[in-house]
Amino acid sequence: LKNHNGFVEEDDASDESEEDSIHVEDLYEEDLTWIEWFCSLKGNEYFVEVDEEYILDDFNLTGLSTQVPFYNSAMEIILDGQSNEEDSEHDQEELAASAEMLFGLIHARYIVTTSGLVAMKKKYSSADFGRCPRAFCEGFPLLPVGQS
């Protein structure tokens with residue numbers, strides 16, 4: 001199964017219902033940016049869509065180029081949804097992993113900015129992180145908390 005970037009992903013059809021796999025395939029056919037596509041994947045519900053202006057500001061990315069392999073290619077994937085033809089020598093899975101790592105690092109910085117906090121508050125207010133199942137909580141929205 002190829003995503004909209006041309007990256008090959010493993011087919012998890014045995015773990016997913018037919019309904020779920022159809023939904024994922026529909027995402028590839030839609031005209032989504034890489035960021036929209038990545039944030040819509042199952043398991044990425046805690047991510048917010050980072051503004052492109054934030055990503056394009058080099059100050060916000062200080063030091064990330066030394067932490068992420070294939071930094072330039074990963075940045076092109078995040079912004080354009082595709083890597084250069086010269087990147088064909090690199091394994092597509094490595095490039096995809098680098099793009100995901102880079103976006104995660106950018107996201108961690110973004111959510112502590114005013115715009116990022118507003119986006120996270122919106123997700124919290126709409127209970128995107130779930131609701132408390134305890135009776136006395138009365139369905140109060142939950143906050144995501146990292147354990148490590």
# chains A, B, ... in the order shown; residues from 1 in each chain; ligands from 1
$ select_by_dssp --residues "range 86-115 of chain A" --states "helix (DSSP H, G or I)" --output "ChimeraX atom specification"
/A:86-89,92-110,114-115
$ residues_around --residues "range 62-64 of chain A" --least-positions-apart "6" --cutoff "12 Å" --atoms "only C-alpha atoms" --output "ChimeraX atom specification"
/A:55-56,70-72,74-75,98-99,101-109
$ atom_distance --atom1 "CA of Ser126 in chain A" --atom2 "CA of Glu100 in chain A"
25.4 Å
$ residues_around --residues "range 43-50 of chain A" --least-positions-apart "5" --cutoff "12 Å" --atoms "only C-alpha atoms" --output "number ranges by chain"
A: 32-38, 55-56, 60, 78-79, 100, 102-124, 127-130, 142-146
$ write_last_selection --atoms "N, CA and C atoms" --output "short mmCIF file (atom, residue, chain, number, x, y, z; two decimals), in the first residue's frame"
data_model
loop_
_atom_site.label_atom_id
_atom_site.label_comp_id
_atom_site.auth_asym_id
_atom_site.auth_seq_id
_atom_site.Cartn_x
_atom_site.Cartn_y
_atom_site.Cartn_z
N LEU A 32 -4.36 16.19 0.48
CA LEU A 32 -3.89 16.58 1.80
C LEU A 32 -2.42 16.94 1.76
N THR A 33 -2.02 17.86 2.62
CA THR A 33 -0.60 18.10 2.80
C THR A 33 -0.05 16.95 3.62
N TRP A 34 1.27 16.82 3.66
CA TRP A 34 1.89 15.76 4.45
C TRP A 34 1.52 15.91 5.92
N ILE A 35 1.50 17.15 6.41
CA ILE A 35 1.19 17.40 7.82
C ILE A 35 -0.24 16.98 8.13
N GLU A 36 -1.18 17.34 7.27
CA GLU A 36 -2.58 16.94 7.47
C GLU A 36 -2.71 15.42 7.44
N TRP A 37 -2.04 14.80 6.47
CA TRP A 37 -2.09 13.35 6.35
C TRP A 37 -1.50 12.68 7.59
N PHE A 38 -0.33 13.14 8.03
CA PHE A 38 0.35 12.54 9.17
C PHE A 38 -0.49 12.69 10.44
N ILE A 55 7.34 26.36 10.60
CA ILE A 55 8.35 25.43 10.09
C ILE A 55 9.36 26.15 9.19
N LEU A 56 8.92 27.13 8.45
CA LEU A 56 9.80 27.84 7.53
C LEU A 56 10.74 28.82 8.23
N ASN A 60 13.17 28.65 14.60
CA ASN A 60 12.40 27.62 15.31
C ASN A 60 13.00 26.22 15.15
N ILE A 78 8.07 16.97 4.57
CA ILE A 78 7.08 17.62 5.43
C ILE A 78 6.41 18.79 4.72
N LEU A 79 7.19 19.59 4.02
CA LEU A 79 6.63 20.79 3.37
C LEU A 79 6.00 20.51 2.02
N GLU A 100 9.07 11.79 10.06
CA GLU A 100 8.25 11.64 11.26
C GLU A 100 8.99 12.13 12.50
N LEU A 102 11.47 14.35 12.58
CA LEU A 102 11.61 15.80 12.48
C LEU A 102 10.30 16.49 12.84
N PHE A 103 9.20 15.98 12.33
CA PHE A 103 7.91 16.60 12.65
C PHE A 103 7.62 16.50 14.15
N GLY A 104 7.95 15.39 14.76
CA GLY A 104 7.75 15.24 16.20
C GLY A 104 8.55 16.26 17.00
N LEU A 105 9.80 16.49 16.59
CA LEU A 105 10.64 17.48 17.27
C LEU A 105 10.12 18.91 17.05
N ILE A 106 9.68 19.18 15.83
CA ILE A 106 9.10 20.49 15.53
C ILE A 106 7.82 20.68 16.34
N HIS A 107 7.00 19.64 16.39
CA HIS A 107 5.74 19.69 17.12
C HIS A 107 5.97 19.97 18.60
N ALA A 108 6.97 19.32 19.18
CA ALA A 108 7.27 19.53 20.60
C ALA A 108 7.60 20.99 20.89
N ARG A 109 8.28 21.64 19.96
CA ARG A 109 8.60 23.06 20.13
C ARG A 109 7.37 23.94 19.87
N TYR A 110 6.58 23.54 18.89
CA TYR A 110 5.42 24.34 18.48
C TYR A 110 4.36 24.42 19.57
N ILE A 111 4.11 23.33 20.25
CA ILE A 111 2.99 23.33 21.20
C ILE A 111 3.25 24.16 22.45
N VAL A 112 4.45 24.66 22.63
CA VAL A 112 4.69 25.57 23.76
C VAL A 112 4.66 27.03 23.32
N THR A 113 4.36 27.29 22.05
CA THR A 113 4.16 28.65 21.57
C THR A 113 2.70 29.04 21.77
N THR A 114 2.40 30.31 21.62
CA THR A 114 1.02 30.77 21.78
C THR A 114 0.09 30.07 20.80
N SER A 115 0.49 29.98 19.52
CA SER A 115 -0.34 29.32 18.51
C SER A 115 -0.53 27.84 18.83
N GLY A 116 0.53 27.20 19.28
CA GLY A 116 0.46 25.78 19.61
C GLY A 116 -0.42 25.52 20.81
N LEU A 117 -0.32 26.37 21.82
CA LEU A 117 -1.18 26.22 23.00
C LEU A 117 -2.65 26.42 22.65
N VAL A 118 -2.93 27.36 21.76
CA VAL A 118 -4.31 27.58 21.32
C VAL A 118 -4.83 26.33 20.59
N ALA A 119 -4.00 25.75 19.74
CA ALA A 119 -4.41 24.54 19.01
C ALA A 119 -4.63 23.37 19.96
N MET A 120 -3.75 23.22 20.96
CA MET A 120 -3.92 22.14 21.93
C MET A 120 -5.14 22.38 22.81
N LYS A 121 -5.42 23.62 23.18
CA LYS A 121 -6.60 23.92 23.99
C LYS A 121 -7.87 23.59 23.21
N LYS A 122 -7.84 23.85 21.91
CA LYS A 122 -9.00 23.53 21.08
C LYS A 122 -9.25 22.02 21.07
N LYS A 123 -8.16 21.23 20.96
CA LYS A 123 -8.31 19.78 21.00
C LYS A 123 -8.81 19.32 22.37
N TYR A 124 -8.29 19.93 23.44
CA TYR A 124 -8.73 19.60 24.79
C TYR A 124 -10.20 19.93 24.99
N ALA A 127 -12.56 17.59 23.58
CA ALA A 127 -12.36 16.25 24.16
C ALA A 127 -11.74 15.27 23.17
N ASP A 128 -10.84 15.77 22.33
CA ASP A 128 -10.14 14.91 21.38
C ASP A 128 -9.24 13.89 22.08
N PHE A 129 -8.86 14.17 23.32
CA PHE A 129 -8.00 13.27 24.08
C PHE A 129 -8.80 12.29 24.92
N GLY A 130 -10.11 12.37 24.83
CA GLY A 130 -11.00 11.48 25.57
C GLY A 130 -11.65 12.18 26.74
N LEU A 142 -9.96 14.90 29.12
CA LEU A 142 -8.67 14.45 29.60
C LEU A 142 -7.53 15.21 28.92
N LEU A 143 -6.38 15.21 29.59
CA LEU A 143 -5.16 15.77 29.03
C LEU A 143 -4.18 14.65 28.73
N PRO A 144 -3.45 14.73 27.62
CA PRO A 144 -2.44 13.72 27.37
C PRO A 144 -1.23 13.96 28.28
N VAL A 145 -0.71 12.89 28.85
CA VAL A 145 0.43 13.00 29.75
C VAL A 145 1.46 11.95 29.34
N GLY A 146 2.70 12.39 29.15
CA GLY A 146 3.78 11.46 28.82
C GLY A 146 4.30 10.79 30.07
#
$ atom_distance --atom1 "CA of Leu41 in chain A" --atom2 "CA of Ile77 in chain A"
16.2 Å
